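Chemist: Dropping in upload_39.cif, which is mmCIF, C-alpha atoms:
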data_structure
#
loop_
_atom_site.label_atom_id
_atom_site.label_comp_id
_atom_site.auth_asym_id
_atom_site.auth_seq_id
_atom_site.Cartn_x
_atom_site.Cartn_y
_atom_site.Cartn_z
CA MET A 9 0.00 0.00 0.00
CA ASN A 10 2.86 2.38 0.81
CA PHE A 11 4.38 1.60 -2.59
CA ILE A 12 1.21 2.76 -4.36
CA LYS A 13 0.96 5.86 -2.15
CA ASN A 14 4.59 6.82 -2.77
CA ASN A 15 4.51 6.23 -6.52
CA LEU A 16 1.00 7.15 -7.66
CA ALA A 17 2.00 10.75 -8.43
CA ASN A 18 5.06 9.52 -10.34
CA ALA A 19 2.86 7.18 -12.38
CA ILE A 20 0.63 10.14 -13.30
CA THR A 21 3.74 12.09 -14.31
CA LEU A 22 4.82 9.21 -16.55
CA GLY A 23 1.33 9.34 -18.08
CA ASN A 24 2.04 12.98 -18.94
CA LEU A 25 5.29 11.90 -20.61
CA PHE A 26 3.57 9.10 -22.55
CA SER A 27 0.87 11.49 -23.76
CA GLY A 28 3.55 13.96 -24.85
CA CYS A 29 5.40 11.27 -26.80
CA VAL A 30 2.21 10.23 -28.60
CA GLY A 31 1.36 13.87 -29.31
CA ALA A 32 4.81 14.54 -30.78
CA VAL A 33 4.58 11.52 -33.09
CA HIS A 34 1.17 12.58 -34.40
CA LEU A 35 2.38 16.14 -34.96
CA ILE A 36 5.26 14.78 -37.05
CA LEU A 37 2.72 12.75 -39.03
CA GLY A 38 0.57 15.85 -39.57
CA ASP A 39 -2.28 14.77 -37.29
CA TYR A 40 -2.44 17.98 -35.26
CA GLN A 41 -5.91 17.22 -33.87
CA THR A 42 -4.66 14.14 -32.02
CA THR A 43 -1.71 16.22 -30.81
CA ALA A 44 -4.18 18.75 -29.38
CA ILE A 45 -5.93 15.97 -27.44
CA CYS A 46 -2.57 14.72 -26.13
CA ILE A 47 -1.60 18.23 -24.98
CA ILE A 48 -4.89 18.59 -23.11
CA LEU A 49 -4.32 15.19 -21.47
CA SER A 50 -0.76 16.17 -20.52
CA LEU A 51 -2.03 19.43 -19.00
CA VAL A 52 -4.55 17.54 -16.88
CA LEU A 53 -1.99 14.95 -15.75
CA ASP A 54 0.59 17.67 -15.06
CA PHE A 55 -1.89 19.33 -12.71
CA PHE A 56 -2.95 16.15 -10.96
CA ASP A 57 0.50 14.70 -10.31
CA GLY A 58 1.34 17.63 -8.03
CA PHE A 59 -2.15 17.61 -6.51
CA VAL A 60 -1.95 13.89 -5.72
CA ALA A 61 1.60 14.19 -4.35
CA ARG A 62 0.51 16.93 -1.94
CA ALA A 63 -2.70 15.14 -0.95
CA LEU A 64 -0.86 11.89 -0.17
CA LYS A 65 2.13 13.75 1.32
CA ALA A 66 4.32 11.90 -1.17
CA ASN A 67 6.42 14.82 -2.42
CA SER A 68 9.94 13.75 -3.30
CA ASN A 69 13.04 14.95 -5.14
CA LEU A 70 12.47 12.12 -7.60
CA GLY A 71 8.99 13.42 -8.36
CA THR A 72 10.30 16.94 -8.89
CA GLN A 73 12.92 15.82 -11.38
CA LEU A 74 10.54 13.41 -13.10
CA ASP A 75 7.97 16.17 -13.54
CA SER A 76 10.45 18.40 -15.37
CA LEU A 77 11.65 15.56 -17.57
CA ALA A 78 8.08 14.75 -18.59
CA ASP A 79 7.32 18.43 -19.18
CA MET A 80 10.39 18.66 -21.40
CA VAL A 81 8.62 16.44 -23.94
CA SER A 82 5.01 17.55 -23.52
CA PHE A 83 5.72 21.26 -23.10
CA GLY A 84 9.24 21.61 -24.49
CA PHE A 85 9.64 19.40 -27.52
CA ILE A 86 6.06 19.73 -28.80
CA PRO A 87 6.01 23.58 -29.05
CA GLY A 88 9.43 23.51 -30.75
CA LEU A 89 8.11 20.88 -33.13
CA ALA A 90 4.99 22.97 -33.79
CA MET A 91 7.19 25.93 -34.76
CA PHE A 92 9.28 23.56 -36.90
CA LYS A 93 6.09 22.61 -38.77
CA MET A 94 5.05 26.26 -39.16
CA LEU A 95 8.45 27.21 -40.61
CA GLU A 96 8.71 24.12 -42.81
CA PRO A 97 6.98 25.59 -45.91
CA PHE A 98 9.61 28.33 -46.22
CA GLY A 99 12.52 25.96 -46.86
CA ASN A 100 15.87 27.75 -46.75
CA GLU A 101 14.65 31.07 -48.17
CA LEU A 102 14.55 34.29 -46.15
CA PHE A 103 14.29 37.82 -47.60
CA GLY A 104 14.74 36.27 -51.04
CA MET A 105 18.12 34.83 -50.03
CA GLN A 106 19.04 31.17 -50.05
CA LEU A 107 20.42 30.16 -46.67
CA PRO A 108 22.76 27.16 -46.19
CA PHE A 109 20.15 25.52 -43.93
CA GLU A 110 16.38 25.22 -43.69
CA ILE A 111 14.96 27.78 -41.28
CA LYS A 112 12.49 25.27 -39.81
CA TYR A 113 15.23 24.02 -37.49
CA LEU A 114 15.30 27.40 -35.76
CA GLY A 115 11.90 26.50 -34.30
CA PHE A 116 13.69 24.20 -31.87
CA PHE A 117 15.12 27.21 -30.06
CA ILE A 118 11.78 27.12 -28.23
CA THR A 119 12.66 23.60 -27.10
CA LEU A 120 16.15 24.69 -25.98
CA PHE A 121 14.82 27.58 -23.93
CA SER A 122 12.03 25.40 -22.51
CA CYS A 123 14.74 23.08 -21.22
CA LEU A 124 16.64 26.02 -19.74
CA ARG A 125 13.45 27.37 -18.13
CA LEU A 126 12.66 23.99 -16.50
CA ALA A 127 16.21 23.68 -15.14
CA ILE A 128 16.08 27.22 -13.71
CA PHE A 129 12.69 26.53 -12.12
CA ASN A 130 14.02 23.42 -10.37
CA LEU A 131 16.82 25.44 -8.77
CA ASP A 132 14.82 28.59 -7.97
CA GLU A 133 13.12 28.51 -4.57
CA GLU A 134 11.57 31.94 -5.15
CA GLN A 135 8.83 30.76 -7.54
CA LYS A 136 6.37 29.46 -4.99
CA TYR A 137 3.33 31.71 -5.46
CA TYR A 138 4.23 33.10 -8.86
CA PHE A 139 6.29 32.13 -11.89
CA LYS A 140 9.32 34.02 -13.12
CA GLY A 141 8.98 33.93 -16.88
CA LEU A 142 6.21 32.18 -18.80
CA ASN A 143 5.74 28.59 -17.68
CA THR A 144 6.22 25.88 -20.32
CA PRO A 145 2.58 24.65 -20.42
CA SER A 146 1.37 28.21 -21.14
CA ASN A 147 4.02 28.67 -23.81
CA THR A 148 2.92 25.39 -25.41
CA ILE A 149 -0.70 26.55 -25.49
CA LEU A 150 0.42 29.83 -27.09
CA VAL A 151 2.62 28.28 -29.79
CA PHE A 152 0.52 25.22 -30.59
CA GLY A 153 -2.68 27.27 -30.18
CA LEU A 154 -1.58 29.54 -33.05
CA PHE A 155 -0.80 26.52 -35.21
CA TYR A 156 -4.09 24.81 -34.33
CA ALA A 157 -6.23 27.93 -34.89
CA PHE A 158 -4.58 28.46 -38.28
CA LYS A 159 -5.18 24.87 -39.34
CA GLU A 160 -8.80 24.89 -38.19
CA THR A 161 -9.95 28.38 -39.18
CA GLN A 162 -7.10 29.97 -41.18
CA SER A 163 -6.80 32.57 -38.41
CA PHE A 164 -3.47 34.34 -37.79
CA SER A 165 -2.51 33.81 -41.44
CA PHE A 166 -0.68 37.17 -41.37
CA LEU A 167 1.70 35.57 -38.88
CA LEU A 168 1.97 32.00 -40.13
CA GLU A 169 2.44 32.94 -43.77
CA ASN A 170 5.39 35.24 -43.01
CA ALA A 171 8.74 33.61 -42.17
CA LEU A 172 10.13 36.78 -40.58
CA PHE A 173 7.15 37.13 -38.23
CA LEU A 174 7.48 33.47 -37.22
CA LEU A 175 11.18 33.89 -36.47
CA ILE A 176 10.50 37.02 -34.41
CA PHE A 177 7.77 35.12 -32.58
CA THR A 178 10.25 32.28 -31.95
CA VAL A 179 12.71 34.71 -30.38
CA ILE A 180 10.02 36.28 -28.18
CA SER A 181 8.61 32.88 -27.17
CA SER A 182 12.11 31.67 -26.25
CA TRP A 183 13.04 34.80 -24.32
CA ILE A 184 9.84 35.08 -22.30
CA LEU A 185 10.39 31.59 -20.88
CA ILE A 186 13.47 32.81 -19.00
CA SER A 187 12.50 36.47 -18.62
CA PRO A 188 12.39 38.17 -15.19
CA ILE A 189 8.71 39.02 -15.68
CA LYS A 190 6.58 37.66 -12.84
CA MET A 191 3.63 35.57 -14.00
CA ILE A 192 0.49 34.67 -12.08
CA ALA A 193 0.44 31.17 -10.58
CA MET A 194 -2.89 29.65 -9.55
CA LYS A 195 -1.62 28.96 -6.03
CA PHE A 196 -3.36 30.69 -3.16
CA LYS A 197 -1.30 32.22 -0.35
CA SER A 198 -4.48 33.41 1.39
CA ILE A 199 -8.24 33.52 0.88
CA LYS A 200 -8.40 37.33 1.15
CA LEU A 201 -10.11 38.83 -1.89
CA GLN A 202 -7.52 41.59 -2.35
CA ASP A 203 -4.72 39.03 -2.46
CA ASN A 204 -6.40 37.22 -5.35
CA TYR A 205 -7.40 40.08 -7.68
CA PRO A 206 -4.82 38.99 -10.33
CA LYS A 207 -6.16 35.43 -10.37
CA LEU A 208 -9.77 36.60 -10.57
CA ALA A 209 -8.95 39.01 -13.41
CA LEU A 210 -7.17 36.22 -15.23
CA LEU A 211 -9.99 33.71 -14.73
CA ILE A 212 -12.85 36.02 -15.71
CA GLY A 213 -11.00 37.48 -18.70
CA SER A 214 -9.97 34.05 -19.99
CA ILE A 215 -13.54 32.75 -19.82
CA LEU A 216 -14.81 35.79 -21.76
CA ILE A 217 -12.10 35.46 -24.43
CA LEU A 218 -12.82 31.76 -24.97
CA ALA A 219 -16.59 32.38 -25.03
CA LEU A 220 -16.22 35.12 -27.65
CA PHE A 221 -13.46 33.73 -29.86
CA LYS A 222 -13.59 29.94 -29.21
CA ILE A 223 -10.63 28.17 -30.91
CA VAL A 224 -9.07 31.45 -32.00
CA GLY A 225 -9.18 32.57 -28.37
CA ILE A 226 -6.82 29.81 -27.16
CA PRO A 227 -3.55 31.63 -27.90
CA MET A 228 -5.24 34.95 -27.07
CA VAL A 229 -5.82 33.71 -23.52
CA ILE A 230 -2.05 33.30 -23.04
CA LEU A 231 -1.39 36.78 -24.41
CA TYR A 232 -4.01 38.08 -21.97
CA TYR A 233 -2.31 36.08 -19.18
CA ILE A 234 1.00 37.79 -19.95
CA PHE A 235 -0.69 41.21 -20.08
CA ILE A 236 -2.53 40.74 -16.76
CA SER A 237 0.65 39.45 -15.12
CA ILE A 238 2.51 42.59 -16.22
CA ILE A 239 -0.32 44.81 -14.91
CA PHE A 240 -0.20 43.15 -11.48
CA GLN A 241 3.61 42.85 -11.17
CA LYS A 242 3.76 44.56 -7.78
CA GLN A 243 1.14 42.25 -6.28
CA LEU A 244 2.93 39.05 -7.29
CA LYS A 245 5.12 38.00 -4.37
#
I need this file expressed as structure tokens, please.
Modeler:
Amino acid sequence: MNFIKNNLANAITLGNLFSGCVGAVHLILGDYQTTAICIILSLVLDFFDGFVARALKANSNLGTQLDSLADMVSFGFIPGLAMFKMLEPFGNELFGMQLPFEIKYLGFFITLFSCLRLAIFNLDEEQKYYFKGLNTPSNTILVFGLFYAFKETQSFSFLLENALFLLIFTVISSWILISPIKMIAMKFKSIKLQDNYPKLALLIGSILILALFKIVGIPMVILYYIFISIIFQKQLK
């Protein structure tokens, strides 16, 4: 019984990793809809592994490291791969010049900085009630959300049909992962209303955006999350 209690959270984390692996394979094959399902499943499992660990008082250093390793695939490799797919149509051409390499590989800078962000998070004891830099699940929703919305509704075509814009977006996405900007974390230090204004603003705004824009609103929610976090910088501590 103790074995199950001590390892249930780790098993959930491995489920996150498995879902990420399946999602990555389907994205390579061009089945982005299955990838979307896998990302949602990974998000749910990523939430519940920590919840279960705390509920069963089974937190461990192994679980902490395992969580980051699983996230590296689900929320590190997949967004880099999504950018790879978005840049793929442009080949090795940029500004009318022929480069000695295909620019799609630059999409994996998102993966590199996701790895760096996860390593920093593991060593940083400051990020208890807020994140420093955009967390990898949110960045995945932003990057893959753009790709998914474009595939489903042809939205954001001004961005996805321009190699320069995609490369600029790649740089911004990579930087914001390790930026010093404080981001709202849905962890409650107290139940006082004034201490939770940022979370309430985020929750209400996100619901309205998704209700109004549906699929197109998915990446917009992350942009709103970044905006609200910047507005409430002084309250995040």
Chemist: Could you list, as a PyMOL selection string, every residue within 10 Å of Phe117 in chain A, counting all atoms listed in the file and ignoring same-chain residues fewer than 4 positions away?
Modeler: chain A and resi 84-85+87-89+91-92+113+121-123+178-179+181-183
Chemist: Care to translate the PyMOL selection byres ((chain A and resi 150) around 10) into actual residues of this file, as a list in words?
Modeler: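 Listing what the PyMOL selection byres ((chain A and resi 150) around 10) selects in the shown file: Pro87, Thr144, Pro145, Ser146, Asn147, Thr148, Ile149, Val151, Phe152, Gly153, Leu154, Phe155, Tyr156, Ser181, Ile226, Pro227, Met228, Val229, Ile230 and Leu231 of chain A.
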Chemist: Can you tell me, as a list in words, what residues are no more than 12 Å from Gly23 in chain A when counting only C-alpha atoms, ignoring any on the same chain fewer than 5 positions away?
Modeler: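 Here the qualifying residues turn out to be Leu16, Ala17, Asn18, Gly28, Cys29, Val30, Cys46, Ile47, Leu49, Ser50, Leu51, Val52, Leu53, Asp54, Phe55, Phe56, Asp57, Leu74, Asp75, Ala78, Asp79, Val81 and Ser82 of chain A.
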Chemist: Excluding range 125-129 of chain A and its own-chain neighbours fewer than 3 positions away, which residues fall within 8 Å of it when counting all atoms listed in the file? Please give them as number ranges by chain.
Modeler: A: 76, 80, 121-122, 132-133, 135, 143-144, 185-186
Chemist: Excluding same-chain residues fewer than 2 positions from Leu102 in chain A, what lies within 10 Å of it counting only C-alpha atoms, as a list in words?
Modeler: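 With the cut-off at 10 Å, the set is Phe98, Gly99, Asn100, Gly104, Met105, Gln106, Leu107, Glu110, Ile111, Asn170, Ala171 and Leu172 of chain A.
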Chemist: Figure out the distance between CA of Ser27 in chain A and CA of Glu160 in chain A, please, to one decimal in Å.
Modeler: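 That distance, rounded to one decimal, is 21.9 Å.
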Chemist: Between A:Phe221, A:Asn204, A:Ile234, A:Leu168, which residue has the minimum interatomic distance to Ile184 in chain A, considering all atoms listed in the file?
Modeler: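 Checking each candidate against Ile184 in chain A, we get A:Ile234 as the closest.
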Chemist: Using only C-alpha atoms, which of A:Leu25, A:Leu208, A:Leu167, A:Val33 sits nearest Met194 in chain A?
Modeler: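 So, comparing all the options, the nearest one is A:Leu208.
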Chemist: Which residue, A:Ile45, A:Leu114, A:Gly71, A:Gly31, has the smallest gap to Ala19 in chain A when you use only C-alpha atoms?
Modeler: A:Gly71
Chemist: Go through A:Ile86, A:Tyr138, A:Ala219, A:Lys159 one by one, measure the shortest atom-to-atom distance of each to His34 in chain A using only C-alpha atoms, and give the residue with the smallest value.
Modeler: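 Distance minimum relative to His34 in chain A lands on A:Ile86.
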Chemist: Find the residues around Lys245 in chain A up to 8 Å (all atoms listed in the file counted), leave out those fewer than 2 positions away in its own chain, and share them as a ChimeraX atom specification.
Modeler: /A:137-138,242-243
Chemist: Which distance in Å separates CA of Gln73 in chain A and CA of Ile36 in chain A, to one decimal?
Modeler: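 So the answer is 26.8 Å.
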Chemist: Kindly compute an axis-aligned box around the listed atoms of range 113-125 of chain A, allowing 4 Å on each side, and express its centre and edge lengths in Å to one decimal as JSON.
Modeler:
{"center_x": 14.2, "center_y": 25.3, "center_z": -27.8, "size_x": 12.9, "size_y": 12.5, "size_z": 27.4}
Chemist: To one decimal in Å, tell me the separation between CA of Ile20 in chain A and CA of Leu142 in chain A.
Modeler: 23.4 Å
